[in-house]
$ cat query.tsv   # TSV, C-alpha atoms
chain	number	residue	atom	x	y	z
A	77	MET	CA	-19.55	-67.37	104.99
A	78	THR	CA	-20.85	-70.86	104.43
A	79	ASN	CA	-20.06	-73.81	106.69
A	80	ARG	CA	-18.05	-75.43	103.93
A	81	THR	CA	-15.86	-72.36	103.51
A	82	PHE	CA	-15.35	-72.10	107.26
A	83	SER	CA	-14.27	-75.72	107.51
A	84	SER	CA	-11.71	-75.28	104.73
A	85	LEU	CA	-10.28	-72.21	106.41
A	86	PHE	CA	-10.01	-74.08	109.74
A	87	LEU	CA	-8.09	-76.91	108.12
A	88	VAL	CA	-5.63	-74.46	106.54
A	89	ILE	CA	-5.00	-72.70	109.90
A	90	SER	CA	-4.50	-76.03	111.70
A	91	ALA	CA	-1.95	-77.16	109.12
A	92	LEU	CA	0.01	-73.91	109.50
A	93	CYS	CA	0.05	-74.22	113.32
A	94	ALA	CA	1.30	-77.82	113.15
A	95	ARG	CA	4.14	-76.82	110.82
A	96	GLU	CA	5.26	-74.02	113.16
A	97	THR	CA	5.18	-76.37	116.15
A	98	ILE	CA	7.44	-78.88	114.40
A	99	ALA	CA	9.88	-76.17	113.37
A	100	PHE	CA	10.02	-74.73	116.90
A	101	SER	CA	10.60	-78.09	118.53
A	102	SER	CA	13.61	-78.73	116.28
A	103	ASN	CA	15.17	-75.41	117.25
A	104	PRO	CA	18.24	-75.83	119.64
A	105	LEU	CA	16.87	-73.14	121.95
A	106	PHE	CA	13.81	-75.27	122.51
A	107	ALA	CA	16.01	-78.19	123.55
A	108	VAL	CA	17.87	-76.00	126.08
A	109	GLY	CA	14.64	-74.71	127.57
A	110	ARG	CA	13.27	-78.20	127.78
A	111	SER	CA	16.32	-79.41	129.71
A	112	LEU	CA	15.94	-76.55	132.19
A	113	LEU	CA	12.24	-77.21	132.71
A	114	SER	CA	12.69	-80.98	133.05
A	115	PRO	CA	15.75	-81.63	135.28
A	116	SER	CA	14.52	-85.08	136.24
A	117	GLU	CA	15.24	-86.42	132.74
A	118	ASN	CA	18.95	-85.59	133.15
A	119	SER	CA	19.32	-86.60	136.79
A	120	GLY	CA	20.88	-89.94	135.92
A	121	SER	CA	23.67	-88.37	133.85
A	122	SER	CA	24.29	-85.70	136.50
A	123	THR	CA	24.56	-88.28	139.23
A	124	HIS	CA	26.99	-90.30	137.16
A	125	SER	CA	29.22	-87.25	136.64
A	126	GLN	CA	29.21	-86.49	140.35
A	127	LEU	CA	30.28	-90.06	141.12
A	128	VAL	CA	33.15	-89.91	138.64
A	129	VAL	CA	34.42	-86.61	140.06
A	130	SER	CA	34.05	-87.85	143.62
A	131	SER	CA	35.90	-91.06	142.83
A	132	THR	CA	38.75	-89.22	141.11
A	133	THR	CA	39.09	-86.74	143.96
A	134	SER	CA	39.12	-89.51	146.54
A	135	SER	CA	41.82	-91.42	144.66
A	136	SER	CA	44.03	-88.34	144.35
A	137	SER	CA	43.61	-87.54	148.02
A	138	THR	CA	44.66	-91.07	149.00
A	139	GLU	CA	47.84	-90.89	146.91
A	140	ILE	CA	48.86	-87.57	148.47
A	141	THR	CA	48.14	-88.28	152.12
A	142	THR	CA	49.39	-91.87	152.43
A	143	PRO	CA	52.48	-91.58	154.70
A	144	LEU	CA	55.74	-93.44	154.15
A	145	GLN	CA	56.68	-96.03	156.74
A	146	SER	CA	58.85	-94.52	159.47
A	147	ILE	CA	61.50	-96.33	161.51
A	148	ASP	CA	60.63	-97.07	165.14
A	149	THR	CA	62.80	-95.13	167.58
A	150	HIS	CA	63.87	-98.19	169.57
A	151	LEU	CA	65.29	-99.74	166.37
A	152	ILE	CA	67.39	-96.62	165.75
A	153	VAL	CA	68.62	-96.82	169.34
A	154	GLY	CA	69.34	-100.51	168.75
A	155	CYS	CA	71.49	-99.74	165.70
A	156	PHE	CA	73.40	-96.94	167.41
A	157	GLY	CA	74.01	-98.97	170.57
A	158	ARG	CA	75.60	-101.73	168.49
A	159	LEU	CA	77.89	-99.48	166.42
A	160	ALA	CA	78.84	-96.61	168.76
A	161	ASP	CA	82.02	-96.03	170.78
A	162	LYS	CA	82.95	-94.85	174.25
A	163	SER	CA	86.09	-93.20	172.86
A	164	PHE	CA	86.64	-90.57	170.22
A	165	VAL	CA	90.02	-89.34	168.99
A	166	LEU	CA	90.07	-85.67	168.08
A	167	ALA	CA	91.57	-84.48	164.83
A	168	PRO	CA	95.01	-82.88	165.39
A	169	SER	CA	93.61	-79.45	164.49
A	170	GLU	CA	91.06	-79.68	167.33
A	171	ILE	CA	93.45	-80.65	170.14
A	172	GLN	CA	93.85	-77.95	172.79
A	173	GLY	CA	95.93	-77.80	175.95
A	174	THR	CA	94.54	-76.73	179.32
A	175	ALA	CA	95.61	-73.37	180.73
A	176	ALA	CA	96.66	-74.89	184.06
A	177	SER	CA	98.80	-77.83	182.98
A	178	GLY	CA	99.38	-77.33	179.30
A	179	TYR	CA	98.45	-80.96	178.74
A	180	GLU	CA	96.78	-81.75	175.45
A	181	PHE	CA	93.70	-83.92	175.44
A	182	GLY	CA	93.54	-85.81	172.16
A	183	VAL	CA	91.13	-88.55	173.23
A	184	LEU	CA	87.62	-88.02	174.62
A	185	GLU	CA	86.06	-90.79	176.67
A	186	SER	CA	82.57	-91.58	177.96
A	187	GLY	CA	81.07	-94.10	180.37
A	188	ARG	CA	78.54	-95.23	177.74
A	189	PRO	CA	78.63	-95.34	173.95
A	190	LYS	CA	78.42	-91.76	172.69
A	191	TRP	CA	79.96	-91.53	169.21
A	192	ILE	CA	79.84	-93.35	165.89
A	193	CYS	CA	83.24	-92.34	164.54
A	194	SER	CA	83.52	-91.85	160.81
A	195	TYR	CA	87.27	-92.42	160.65
A	196	ALA	CA	88.53	-95.96	160.00
A	197	SER	CA	91.42	-95.50	162.45
A	198	ARG	CA	92.97	-92.56	164.30
A	199	THR	CA	95.78	-92.05	166.82
A	200	GLY	CA	95.77	-89.47	169.60
A	201	ALA	CA	97.27	-88.75	173.01
A	202	THR	CA	95.28	-89.94	176.01
A	203	GLN	CA	94.14	-87.51	178.70
A	204	GLY	CA	96.73	-85.80	180.81
A	205	GLY	CA	99.45	-86.00	178.21
A	206	GLY	CA	99.65	-89.79	178.30
A	207	ALA	CA	100.77	-92.24	175.69
A	208	ASP	CA	99.35	-92.27	172.19
A	209	MET	CA	96.31	-94.47	171.59
A	210	THR	CA	95.29	-95.83	168.21
A	211	HIS	CA	91.52	-96.12	168.10
A	212	VAL	CA	89.73	-98.50	165.75
A	213	PRO	CA	85.97	-97.75	165.79
A	214	THR	CA	83.48	-100.36	166.93
A	215	TRP	CA	81.71	-100.46	163.57
A	216	ARG	CA	84.83	-101.94	161.94
A	217	SER	CA	84.93	-104.98	164.21
A	218	VAL	CA	81.13	-105.38	164.28
A	219	LEU	CA	80.52	-105.05	160.53
A	220	PHE	CA	83.72	-106.52	159.12
A	221	GLY	CA	85.15	-108.74	161.84
A	222	ASP	CA	88.70	-109.93	161.43
A	223	ASP	CA	88.52	-111.40	157.94
A	224	SER	CA	85.78	-109.63	155.96
A	225	VAL	CA	86.99	-107.34	153.20
A	226	VAL	CA	83.55	-106.11	152.14
A	227	LEU	CA	80.16	-105.59	153.75
A	228	THR	CA	76.97	-106.73	152.01
A	229	LYS	CA	73.33	-106.27	152.96
A	230	ASN	CA	73.15	-109.96	153.87
A	231	LYS	CA	76.14	-109.59	156.18
A	232	LEU	CA	74.61	-106.48	157.75
A	233	ALA	CA	71.36	-108.37	158.38
A	234	THR	CA	73.33	-111.23	159.93
A	235	VAL	CA	75.02	-108.82	162.32
A	236	LEU	CA	71.72	-107.30	163.43
A	237	LEU	CA	70.03	-110.69	163.80
A	238	SER	CA	72.89	-112.21	165.79
A	239	GLU	CA	72.44	-112.62	169.54
A	240	THR	CA	76.19	-112.18	169.97
A	241	THR	CA	76.22	-108.61	168.61
A	242	LYS	CA	76.71	-106.58	171.76
A	243	PHE	CA	74.33	-103.76	172.65
A	244	GLU	CA	74.93	-101.01	175.18
A	245	MET	CA	72.46	-98.24	175.92
A	246	PRO	CA	73.95	-95.08	174.37
A	247	LEU	CA	74.06	-91.58	175.78
A	248	GLY	CA	71.48	-89.19	174.37
A	249	ALA	CA	68.82	-91.79	173.59
A	250	SER	CA	65.47	-92.00	175.36
A	251	PRO	CA	65.76	-94.28	178.45
A	252	GLY	CA	62.31	-95.66	177.68
A	253	ALA	CA	63.63	-97.31	174.52
A	254	LYS	CA	66.28	-99.38	176.30
A	255	MET	CA	64.31	-102.60	176.86
A	256	LYS	CA	63.14	-102.91	173.24
A	257	ALA	CA	66.44	-101.67	171.78
A	258	ALA	CA	68.40	-104.33	173.65
A	259	LYS	CA	66.43	-107.18	172.08
A	260	THR	CA	67.88	-109.09	169.14
A	261	PHE	CA	66.51	-107.80	165.85
A	262	THR	CA	63.79	-109.80	164.13
A	263	ASP	CA	63.41	-110.20	160.37
A	264	ASP	CA	60.73	-107.49	160.40
A	265	ASP	CA	63.04	-105.17	162.35
A	266	CYS	CA	65.81	-105.69	159.79
A	267	GLU	CA	63.45	-105.02	156.92
A	268	GLN	CA	62.38	-101.76	158.54
A	269	VAL	CA	65.89	-100.33	159.08
A	270	MET	CA	67.91	-102.00	156.32
A	271	ASP	CA	67.53	-99.63	153.36
A	272	ARG	CA	68.14	-96.45	155.36
A	273	LEU	CA	70.99	-97.88	157.44
A	274	TRP	CA	72.64	-99.10	154.24
A	275	GLN	CA	72.47	-95.55	152.87
A	276	VAL	CA	73.88	-94.02	156.06
A	277	LEU	CA	76.78	-96.48	155.84
A	278	GLY	CA	77.53	-95.31	152.31
A	279	GLY	CA	75.41	-97.66	150.22
A	280	GLY	CA	72.64	-96.90	147.79
A	281	GLU	CA	70.60	-98.30	144.93
A	282	GLY	CA	72.67	-100.69	142.86
A	283	ILE	CA	75.53	-100.83	145.39
A	284	GLU	CA	75.90	-104.40	146.65
A	285	GLU	CA	79.22	-104.20	148.52
A	286	LEU	CA	80.95	-101.68	150.79
A	287	SER	CA	84.60	-101.59	151.80
A	288	LYS	CA	85.82	-100.18	155.10
A	289	GLN	CA	86.73	-96.97	153.32
A	290	ASP	CA	83.27	-96.81	151.72
A	291	VAL	CA	81.65	-97.03	155.15
A	292	SER	CA	84.04	-94.41	156.53
A	293	ASN	CA	83.14	-92.07	153.68
A	294	GLY	CA	79.41	-92.74	154.09
A	295	LEU	CA	79.48	-92.01	157.83
A	296	GLU	CA	81.50	-88.86	157.18
A	297	THR	CA	78.92	-87.64	154.66
A	298	ALA	CA	76.00	-88.34	157.02
A	299	SER	CA	77.82	-86.72	159.95
A	300	ALA	CA	78.45	-83.53	157.99
A	301	GLU	CA	74.92	-83.41	156.52
A	302	PHE	CA	72.96	-83.92	159.73
A	303	GLY	CA	75.41	-82.64	162.37
A	304	SER	CA	78.13	-80.07	162.89
A	305	LYS	CA	81.14	-82.43	162.63
A	306	SER	CA	82.20	-84.76	159.85
A	307	ASP	CA	84.26	-87.22	161.90
A	308	SER	CA	81.63	-88.41	164.40
A	309	MET	CA	77.91	-88.68	165.11
A	310	VAL	CA	76.25	-88.50	168.50
A	311	TYR	CA	72.86	-90.19	168.90
A	312	SER	CA	70.72	-87.14	167.98
A	313	VAL	CA	72.58	-86.73	164.68
A	314	PHE	CA	72.30	-90.45	163.87
A	315	GLU	CA	68.57	-90.37	164.59
A	316	LYS	CA	68.11	-87.45	162.17
A	317	ALA	CA	70.05	-89.32	159.52
A	318	MET	CA	67.96	-92.48	159.97
A	319	LYS	CA	64.66	-90.59	159.84
A	320	ALA	CA	65.57	-88.46	156.81

$ encode --input "query.tsv" --output "structure tokens"
Amino acid sequence: MTNRTFSSLFLVISALCARETIAFSSNPLFAVGRSLLSPSENSGSSTHSQLVVSSTTSSSSTEITTPLQSIDTHLIVGCFGRLADKSFVLAPSEIQGTAASGYEFGVLESGRPKWICSYASRTGATQGGGADMTHVPTWRSVLFGDDSVVLTKNKLATVLLSETTKFEMPLGASPGAKMKAAKTFTDDDCEQVMDRLWQVLGGGEGIEELSKQDVSNGLETASAEFGSKSDSMVYSVFEKAMKA
């Protein structure tokens, strides 16, 4: 074979090899293999994906774990100690006489505020078979006074903010809360308790006014839902209702 023939044959073989290389490089399998052998070229995209996933996960976690604001215990004690009574008149169906005397006890009494009564007014016989007593709950005089026909949120805030609204430390509450609970409410205190207290009293979204009967019904509902009686709430029941 002459040198000229050999050179021609070499050129033909080189052209065939170049064509096969081009065809192979355009094959999708070649692109996959190349990405596996050269991870550094895709590191930027991978890092970006990781950041997006991490950011999304972090955002979701924040939305789930962020707690709702709770009401401070001393503010709950403060509300109860301004609305509760030292007397509670039993319903006629609950009155029982003692075995020794046969006297019926229709009125229960305590040395410190113990009950928020849900009734608007009730009459019962005093201890030892005494005269009848008509009991008007404290919340009526505190929230409505002598002239008010309806209660509004603004009026409720005024009552809490007033230095003349009497507070007495109630039975059942933590003694450690007494000093703070006795203080006059601040604007921040009112903001913290207002929405939930309004609901316990029978209000809700879109309700701007409450009558005495509305408040009586609201307290009755809360008493039955969070306690065992519908006509009164002791402190522990009121605290559950306020923290619900």

$ atom_distance --input "query.tsv" --atom1 "atom CA of A:Asp208" --atom2 "atom CA of A:Trp191"
19.6 Å

$ closest_residue --input "query.tsv" --among "A:Ile152, A:Leu286, A:Leu159, A:Ala196" --to "A:Thr228" --atoms "all atoms listed in the file"
A:Leu286

$ atom_distance --input "query.tsv" --atom1 "atom CA of A:Arg272" --atom2 "atom CA of A:Met255"
22.7 Å

$ closest_residue --input "query.tsv" --among "A:Thr260, A:Thr214, A:Ser299, A:Ser238" --to "A:Lys316" --atoms "all atoms listed in the file"
A:Ser299

$ closest_residue --input "query.tsv" --among "A:Leu237, A:Ala249, A:Val218, A:Leu227" --to "A:Pro189" --atoms "all atoms listed in the file"
A:Ala249

$ atom_distance --input "query.tsv" --atom1 "atom CA of A:Phe302" --atom2 "atom CA of A:Ala317"
6.1 Å

$ residues_around --input "query.tsv" --residues "A:Phe220" --least-positions-apart "4" --cutoff "9 Å" --atoms "all atoms listed in the file" --output "VMD selection string"
chain A and resid 215 to 216 224 to 227 231 287 to 288

$ closest_residue --input "query.tsv" --among "A:Leu166, A:Ile283, A:Val310, A:Leu184" --to "A:Leu295" --atoms "all atoms listed in the file"
A:Val310

$ closest_residue --input "query.tsv" --among "A:Lys229, A:Ser163, A:Phe261, A:Glu296" --to "A:Phe243" --atoms "all atoms listed in the file"
A:Phe261

$ residues_around --input "query.tsv" --residues "A:Glu185" --least-positions-apart "5" --cutoff "10 Å" --atoms "only C-alpha atoms" --output "list in words"
Asp161, Lys162, Ser163, Phe164, Val165, Lys190, Trp191, Thr202 and Gln203 of chain A

$ closest_residue --input "query.tsv" --among "A:Val291, A:Ala298, A:Val183, A:Ile147" --to "A:Ala201" --atoms "all atoms listed in the file"
A:Val183
